[in-house]
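Reading through the structure tokens given below for one structure.
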Amino acid sequence: MTRRRLLLIALVLSLLLHLALLGSDLLPAISAPPADEPRLEKIDVKMQAMRLDETPPPRDPAAAGVSLQPAETAKPKPKPKPRPARKREASKPAEQAKTDSSAPAAKTASAPQASSEPAAKASRQAAAEQASSAPVAESAPRENSADKAGLIHPDAPLRQFPAAAKIRYQGYWNSAMLGFGDLDWQRSEGRYQLDITVSPFIGPKLRYLALGTIGKSGLRPDSMQSFRGGDLKEAARFDYDAGLLRYGSGEDKQLPLKPGAQDAFSLAFQLALKGGDLGHAAIQITTAKKVYEYPMAPNGAFDYDTGAGKMRVIVFRAQGDGDFTEFWLAPDFANLPVRIIRADKDKRIELKAIRVDVNGKRQWELPPQPTIRNKNAH
């Protein structure tokens, strides 16, 4: 068999394999690529600043006067010994009087048993409430809630700033899907950690790690690190004692640190916590590689089409030096960023949410999208 024939056979087999994959369900489910620039509308939904108080512990049933132990039932009184029989006619009034006088006693004896039933019912209800209040981790996908206008909402309002949130994104580079991204937000005891990873189909994994403190005044970043393939590329350190913002490869650059400075990713959560109200002054923002200064204000509202219903979002855009950053925050989903866009004259990188978990509970997930074979089926 000649070499040319071997190459031809290999080419045919490769073509058949690719056709088989395209017609099967083996390829990952993806949504449509990002649409063109949306036409923003007048903001008709007010973003609320989120509460920072910690999640209250489950209610203690004992403190409410309800016992989870089974209620004791009243023990029946022993039957009195039979008395000697007397004349039937003479004993009738006495027996009637005895019956009438024993009725209140019987009701009194049965009262504790009757009162135990509401207590047992209340205890069962309290136990059910306590069980339902426990966080549910990685719950199974469910049908998303939507109102008559087709807007997606969580099952219950989210008014408290999340102690934990995980968002799964599809990543796009110049409108071509490049892989998936994951955002992991954690806060506890006045500190926060924001960990973002981008896993492309081809090429090294990207990671961004931001650390800092959080309180009533908002997020106060301490550091941000940028990794590529596991190697540290750039880092930013907010040196509040020296009043300097150190950044770049090896933190070899520095600028005077200005009040309210943020890193590019903590900024989204600062907007979420403050309900988008960061004032009109320019904000010092670093990507660990560069430093920018521009105000961050809402540009408008938009019904963001997820591919399976719409979310009402408020779009924040910061623009300057030939590039821009956009955060699409969803007021119904704790003001979390369901879409992030970073663009300059050379490239456009976009993260588009397909799953949102808050405090361990699945709040929304994009249903599996049809493959080519299923999409064309009739």
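In the structure tokens, chains take the letters A, B, ... in the order shown, each chain's residues start at 1, and ligands count up from 1 in the order shown.
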task: Please return as a ChimeraX atom specification: the residues of range 161-307 of chain A that backbone DSSP assigns to strand (DSSP E or B).
output: /A:164-173,176-188,191-200,206-215,218-228,231-239,244-247,253-256,262-263,283-286,291-294,297-305
Nearby residues (only C-alpha atoms) at most 10 Å from Leu183 in chain A, same-chain spacing under 3 positions excluded, as an mmCIF file with all heavy atoms, in the first residue's frame:
```cif
data_model
loop_
_atom_site.group_PDB
_atom_site.id
_atom_site.type_symbol
_atom_site.label_atom_id
_atom_site.label_comp_id
_atom_site.auth_asym_id
_atom_site.auth_seq_id
_atom_site.Cartn_x
_atom_site.Cartn_y
_atom_site.Cartn_z
ATOM 1 N N ALA A 165 -20.731 32.508 46.333
ATOM 2 C CA ALA A 165 -21.386 32.512 45.026
ATOM 3 C C ALA A 165 -20.452 31.869 44.018
ATOM 4 O O ALA A 165 -19.233 32.075 44.068
ATOM 5 C CB ALA A 165 -21.744 33.931 44.592
ATOM 6 N N LYS A 166 -21.043 31.072 43.128
ATOM 7 C CA LYS A 166 -20.299 30.459 42.042
ATOM 8 C C LYS A 166 -21.056 30.702 40.743
ATOM 9 O O LYS A 166 -22.256 30.450 40.668
ATOM 10 C CB LYS A 166 -20.110 28.956 42.272
ATOM 11 C CG LYS A 166 -19.196 28.625 43.443
ATOM 12 C CD LYS A 166 -18.955 27.125 43.552
ATOM 13 C CE LYS A 166 -17.997 26.806 44.700
ATOM 14 N NZ LYS A 166 -17.711 25.356 44.802
ATOM 15 N N ILE A 167 -20.337 31.191 39.752
ATOM 16 C CA ILE A 167 -20.938 31.462 38.452
ATOM 17 C C ILE A 167 -20.114 30.750 37.386
ATOM 18 O O ILE A 167 -18.886 30.849 37.365
ATOM 19 C CB ILE A 167 -20.994 32.974 38.154
ATOM 20 C CG1 ILE A 167 -21.728 33.717 39.280
ATOM 21 C CG2 ILE A 167 -21.685 33.228 36.819
ATOM 22 C CD1 ILE A 167 -21.788 35.214 39.071
ATOM 23 N N ARG A 168 -20.800 30.032 36.535
ATOM 24 C CA ARG A 168 -20.170 29.345 35.401
ATOM 25 C C ARG A 168 -20.439 30.168 34.150
ATOM 26 O O ARG A 168 -21.584 30.569 33.895
ATOM 27 C CB ARG A 168 -20.747 27.940 35.261
ATOM 28 C CG ARG A 168 -20.232 27.144 34.070
ATOM 29 C CD ARG A 168 -18.870 26.570 34.332
ATOM 30 N NE ARG A 168 -18.594 25.448 33.429
ATOM 31 C CZ ARG A 168 -17.417 24.876 33.309
ATOM 32 N NH1 ARG A 168 -16.402 25.304 34.028
ATOM 33 N NH2 ARG A 168 -17.233 23.867 32.490
ATOM 34 N N TYR A 169 -19.393 30.433 33.381
ATOM 35 C CA TYR A 169 -19.505 31.254 32.178
ATOM 36 C C TYR A 169 -19.066 30.471 30.953
ATOM 37 O O TYR A 169 -18.286 29.515 31.047
ATOM 38 C CB TYR A 169 -18.601 32.489 32.273
ATOM 39 C CG TYR A 169 -18.919 33.472 33.373
ATOM 40 C CD1 TYR A 169 -18.265 33.395 34.599
ATOM 41 C CD2 TYR A 169 -19.841 34.499 33.185
ATOM 42 C CE1 TYR A 169 -18.523 34.315 35.608
ATOM 43 C CE2 TYR A 169 -20.101 35.426 34.183
ATOM 44 C CZ TYR A 169 -19.438 35.316 35.396
ATOM 45 O OH TYR A 169 -19.698 36.225 36.392
ATOM 46 N N LEU A 194 -11.831 36.238 45.788
ATOM 47 C CA LEU A 194 -12.474 36.144 44.481
ATOM 48 C C LEU A 194 -11.519 35.414 43.550
ATOM 49 O O LEU A 194 -10.431 35.910 43.243
ATOM 50 C CB LEU A 194 -12.806 37.536 43.957
ATOM 51 C CG LEU A 194 -13.479 37.628 42.593
ATOM 52 C CD1 LEU A 194 -14.784 36.835 42.571
ATOM 53 C CD2 LEU A 194 -13.753 39.090 42.239
ATOM 54 N N ASP A 195 -11.928 34.227 43.112
ATOM 55 C CA ASP A 195 -11.074 33.361 42.304
ATOM 56 C C ASP A 195 -11.758 33.127 40.960
ATOM 57 O O ASP A 195 -12.853 32.559 40.901
ATOM 58 C CB ASP A 195 -10.843 32.039 43.030
ATOM 59 C CG ASP A 195 -9.655 31.257 42.474
ATOM 60 O OD1 ASP A 195 -9.167 31.626 41.396
ATOM 61 O OD2 ASP A 195 -9.227 30.288 43.116
ATOM 62 N N ILE A 196 -11.121 33.571 39.884
ATOM 63 C CA ILE A 196 -11.681 33.437 38.541
ATOM 64 C C ILE A 196 -10.714 32.627 37.682
ATOM 65 O O ILE A 196 -9.517 32.926 37.632
ATOM 66 C CB ILE A 196 -11.926 34.811 37.892
ATOM 67 C CG1 ILE A 196 -12.942 35.606 38.731
ATOM 68 C CG2 ILE A 196 -12.427 34.663 36.466
ATOM 69 C CD1 ILE A 196 -13.148 37.021 38.237
ATOM 70 N N THR A 197 -11.233 31.596 37.037
ATOM 71 C CA THR A 197 -10.421 30.777 36.138
ATOM 72 C C THR A 197 -11.080 30.724 34.765
ATOM 73 O O THR A 197 -12.308 30.688 34.654
ATOM 74 C CB THR A 197 -10.247 29.345 36.672
ATOM 75 O OG1 THR A 197 -11.543 28.750 36.854
ATOM 76 C CG2 THR A 197 -9.514 29.355 38.008
ATOM 77 N N VAL A 198 -10.257 30.736 33.751
ATOM 78 C CA VAL A 198 -10.719 30.598 32.367
ATOM 79 C C VAL A 198 -9.987 29.398 31.767
ATOM 80 O O VAL A 198 -8.758 29.369 31.729
ATOM 81 C CB VAL A 198 -10.438 31.864 31.543
ATOM 82 C CG1 VAL A 198 -10.913 31.675 30.106
ATOM 83 C CG2 VAL A 198 -11.117 33.076 32.173
ATOM 84 N N ARG A 207 -5.886 32.320 35.306
ATOM 85 C CA ARG A 207 -6.462 32.430 36.645
ATOM 86 C C ARG A 207 -6.196 33.829 37.201
ATOM 87 O O ARG A 207 -5.109 34.390 37.010
ATOM 88 C CB ARG A 207 -5.861 31.387 37.587
ATOM 89 C CG ARG A 207 -6.496 31.380 38.968
ATOM 90 C CD ARG A 207 -5.754 30.470 39.925
ATOM 91 N NE ARG A 207 -6.351 30.478 41.254
ATOM 92 C CZ ARG A 207 -5.714 30.136 42.362
ATOM 93 N NH1 ARG A 207 -4.447 29.731 42.303
ATOM 94 N NH2 ARG A 207 -6.322 30.187 43.529
ATOM 95 N N TYR A 208 -7.208 34.380 37.888
ATOM 96 C CA TYR A 208 -7.097 35.682 38.533
ATOM 97 C C TYR A 208 -7.581 35.532 39.973
ATOM 98 O O TYR A 208 -8.699 35.059 40.208
ATOM 99 C CB TYR A 208 -7.930 36.726 37.787
ATOM 100 C CG TYR A 208 -7.603 36.814 36.322
ATOM 101 C CD1 TYR A 208 -8.317 36.051 35.384
ATOM 102 C CD2 TYR A 208 -6.577 37.629 35.863
ATOM 103 C CE1 TYR A 208 -8.011 36.110 34.040
ATOM 104 C CE2 TYR A 208 -6.266 37.694 34.503
ATOM 105 C CZ TYR A 208 -6.991 36.924 33.603
ATOM 106 O OH TYR A 208 -6.682 36.972 32.272
ATOM 107 N N PRO A 337 -22.642 39.677 38.603
ATOM 108 C CA PRO A 337 -22.318 39.910 37.186
ATOM 109 C C PRO A 337 -22.608 38.685 36.330
ATOM 110 O O PRO A 337 -21.910 37.675 36.413
ATOM 111 C CB PRO A 337 -20.815 40.218 37.215
ATOM 112 C CG PRO A 337 -20.310 39.498 38.433
ATOM 113 C CD PRO A 337 -21.427 39.516 39.432
ATOM 114 N N ALA A 353 -22.712 34.229 31.525
ATOM 115 C CA ALA A 353 -23.120 33.267 32.547
ATOM 116 C C ALA A 353 -24.067 32.214 31.986
ATOM 117 O O ALA A 353 -24.957 32.509 31.189
ATOM 118 C CB ALA A 353 -23.789 33.985 33.717
ATOM 119 N N VAL A 356 -25.767 29.992 37.880
ATOM 120 C CA VAL A 356 -25.568 30.862 39.030
ATOM 121 C C VAL A 356 -25.953 30.097 40.298
ATOM 122 O O VAL A 356 -27.086 29.641 40.435
ATOM 123 C CB VAL A 356 -26.409 32.158 38.923
ATOM 124 C CG1 VAL A 356 -26.227 33.022 40.167
ATOM 125 C CG2 VAL A 356 -26.048 32.941 37.671
#
```
message: Considering only C-alpha atoms, can you say which of A:Gly203, A:Pro368, A:Gly248, A:Pro298 comes closest to Gly229 in chain A?
response: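 The shortest atom-to-atom distance to Gly229 in chain A comes from A:Gly203.
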query: Counting only C-alpha atoms, what is within 8 Å of Leu278 in chain A, bar same-chain residues fewer than 6 positions away, as an MDAnalysis selection string?
result: chainID A and resid 271 296:297
Save out the residues we just selected, all heavy atoms, as a tab-separated table (two decimals), in the first residue's frame.
```
chain	number	residue	atom	x	y	z
A	271	LEU	N	-19.61	47.14	43.06
A	271	LEU	CA	-20.84	47.65	42.45
A	271	LEU	C	-22.05	46.90	42.95
A	271	LEU	O	-23.10	47.50	43.25
A	271	LEU	CB	-20.75	47.55	40.92
A	271	LEU	CG	-19.83	48.54	40.21
A	271	LEU	CD1	-19.60	48.10	38.77
A	271	LEU	CD2	-20.41	49.94	40.25
A	296	MET	N	-17.35	55.00	37.14
A	296	MET	CA	-18.14	53.79	36.85
A	296	MET	C	-19.59	54.13	37.15
A	296	MET	O	-19.98	54.26	38.31
A	296	MET	CB	-17.66	52.63	37.72
A	296	MET	CG	-18.03	51.27	37.18
A	296	MET	SD	-16.98	50.84	35.77
A	296	MET	CE	-17.75	49.32	35.21
A	297	ALA	N	-20.38	54.27	36.11
A	297	ALA	CA	-21.77	54.67	36.28
A	297	ALA	C	-22.66	53.80	35.40
A	297	ALA	O	-22.21	53.26	34.38
A	297	ALA	CB	-21.95	56.14	35.91
```
- prompt: Nearest to Ser188 in chain A among A:Met311, A:Ala163, A:Ala210, A:Leu232, with distances taken over only C-alpha atoms: which residue is it?
  reply: A:Ala163
- request: Go ahead and compute the interatomic distance for CA of Phe327 in chain A and CA of Lys274 in chain A, in Å to one decimal.
  value: 14.0 Å
task: Using CA of Leu273 in chain A and CA of Ser226 in chain A as the two end points, give the distance in Å to one decimal.
output: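 That distance, rounded to one decimal, is 23.8 Å.
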Show me, as a short mmCIF file (atom, residue, chain, number, x, y, z; two decimals) with all heavy atoms, in the first residue's frame, the residues that have an atom within 12 Å of Asp346 in chain A when counting only C-alpha atoms, minus same-chain residues fewer than 2 positions from it.
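Saved to result02.cif:
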```cif
data_model
loop_
_atom_site.label_atom_id
_atom_site.label_comp_id
_atom_site.auth_asym_id
_atom_site.auth_seq_id
_atom_site.Cartn_x
_atom_site.Cartn_y
_atom_site.Cartn_z
N TRP A 173 -13.76 34.94 22.64
CA TRP A 173 -12.66 35.79 22.20
C TRP A 173 -13.02 36.27 20.80
O TRP A 173 -13.08 35.48 19.86
CB TRP A 173 -11.35 35.01 22.18
CG TRP A 173 -10.15 35.78 21.72
CD1 TRP A 173 -9.86 36.18 20.43
CD2 TRP A 173 -9.08 36.26 22.52
NE1 TRP A 173 -8.68 36.86 20.39
CE2 TRP A 173 -8.16 36.93 21.66
CE3 TRP A 173 -8.78 36.19 23.88
CZ2 TRP A 173 -7.00 37.53 22.12
CZ3 TRP A 173 -7.60 36.78 24.33
CH2 TRP A 173 -6.74 37.43 23.46
N ASN A 174 -13.30 37.58 20.68
CA ASN A 174 -13.73 38.15 19.40
C ASN A 174 -14.89 37.37 18.79
O ASN A 174 -14.87 36.98 17.62
CB ASN A 174 -12.55 38.20 18.41
CG ASN A 174 -11.47 39.18 18.86
OD1 ASN A 174 -11.76 40.11 19.62
ND2 ASN A 174 -10.25 38.95 18.42
N GLY A 322 -9.00 54.13 24.89
CA GLY A 322 -9.23 53.25 23.76
C GLY A 322 -9.76 51.88 24.10
O GLY A 322 -9.85 51.01 23.23
N ASP A 323 -10.13 51.64 25.36
CA ASP A 323 -10.71 50.35 25.71
C ASP A 323 -11.88 50.58 26.67
O ASP A 323 -12.14 51.70 27.10
CB ASP A 323 -9.67 49.42 26.33
CG ASP A 323 -9.04 50.03 27.59
OD1 ASP A 323 -9.55 51.04 28.09
OD2 ASP A 323 -8.04 49.48 28.07
N PHE A 324 -12.60 49.50 26.95
CA PHE A 324 -13.72 49.62 27.89
C PHE A 324 -13.94 48.31 28.62
O PHE A 324 -13.55 47.23 28.16
CB PHE A 324 -15.00 50.07 27.17
CG PHE A 324 -15.64 49.02 26.30
CD1 PHE A 324 -16.57 48.12 26.81
CD2 PHE A 324 -15.32 48.93 24.95
CE1 PHE A 324 -17.15 47.16 26.01
CE2 PHE A 324 -15.90 47.96 24.14
CZ PHE A 324 -16.82 47.08 24.67
N ARG A 342 -14.58 42.79 28.32
CA ARG A 342 -13.35 43.57 28.36
C ARG A 342 -12.83 43.68 26.93
O ARG A 342 -12.59 42.65 26.27
CB ARG A 342 -12.33 42.87 29.26
CG ARG A 342 -10.95 43.47 29.27
CD ARG A 342 -10.88 44.73 30.09
NE ARG A 342 -9.56 45.33 30.00
CZ ARG A 342 -9.32 46.58 30.27
NH1 ARG A 342 -10.30 47.38 30.65
NH2 ARG A 342 -8.10 47.07 30.20
N ALA A 343 -12.69 44.91 26.42
CA ALA A 343 -12.33 45.08 25.02
C ALA A 343 -11.36 46.24 24.86
O ALA A 343 -11.38 47.21 25.63
CB ALA A 343 -13.57 45.32 24.17
N ASP A 344 -10.50 46.11 23.85
CA ASP A 344 -9.63 47.20 23.43
C ASP A 344 -9.57 47.18 21.91
O ASP A 344 -10.37 46.49 21.26
CB ASP A 344 -8.25 47.10 24.08
CG ASP A 344 -7.56 45.78 23.79
OD1 ASP A 344 -7.84 45.18 22.73
OD2 ASP A 344 -6.74 45.33 24.61
N ARG A 348 -11.55 41.46 22.03
CA ARG A 348 -12.76 41.57 22.84
C ARG A 348 -12.94 40.23 23.57
O ARG A 348 -13.13 39.19 22.94
CB ARG A 348 -13.98 41.87 21.97
CG ARG A 348 -15.32 41.89 22.74
CD ARG A 348 -16.47 41.98 21.76
NE ARG A 348 -17.76 41.86 22.41
CZ ARG A 348 -18.56 42.89 22.67
NH1 ARG A 348 -18.19 44.11 22.31
NH2 ARG A 348 -19.72 42.70 23.26
N ILE A 349 -12.87 40.27 24.89
CA ILE A 349 -13.05 39.07 25.71
C ILE A 349 -14.38 39.20 26.46
O ILE A 349 -14.66 40.25 27.05
CB ILE A 349 -11.89 38.91 26.70
CG1 ILE A 349 -10.56 38.80 25.94
CG2 ILE A 349 -12.09 37.67 27.57
CD1 ILE A 349 -9.34 38.79 26.84
#
```
Closest of A:Arg220, A:Lys253, A:Arg187, A:Lys347 to Lys289 in chain A - atom-to-atom distances counting only C-alpha atoms: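 Nearest to Lys289 in chain A: A:Lys253.
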- prompt: If we count only C-alpha atoms, what is near Asp222 in chain A at a cut-off of 10 Å, once residues fewer than 6 positions away on the same chain are taken out, given as a PyMOL selection string?
  reply: chain A and resi 192+210-213+236-240+245+262-263
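Among the residues of range 124-286 of chain A, backbone DSSP assigns alpha helix (DSSP H) to Arg124, Gln125, Ala126, Ala127, Ala128, Glu129, Gln130, Ala131, Ser132, Ser133, Ser266, Leu267, Ala268, Phe269, Gln270, Leu271, Ala272 and Leu273 of chain A.
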task: Between A:Ala308, A:Ala176, A:Val291, A:Ala272, single out the one closest to Arg51 in chain A, counting only C-alpha atoms.
output: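 Among A:Ala308, A:Ala176, A:Val291, A:Ala272, it is A:Ala272 that comes nearest to Arg51 in chain A.
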task: Tell me which of A:Gln363, A:Gln170, A:Gln186, A:Gln225 sits closest to Ile340 in chain A, counting only C-alpha atoms.
output: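 For Ile340 in chain A, the nearest of the candidates is A:Gln170.
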- prompt: In Å, how far is it from CA of Lys290 in chain A to CA of Gly250 in chain A?
  reply: 13.1 Å
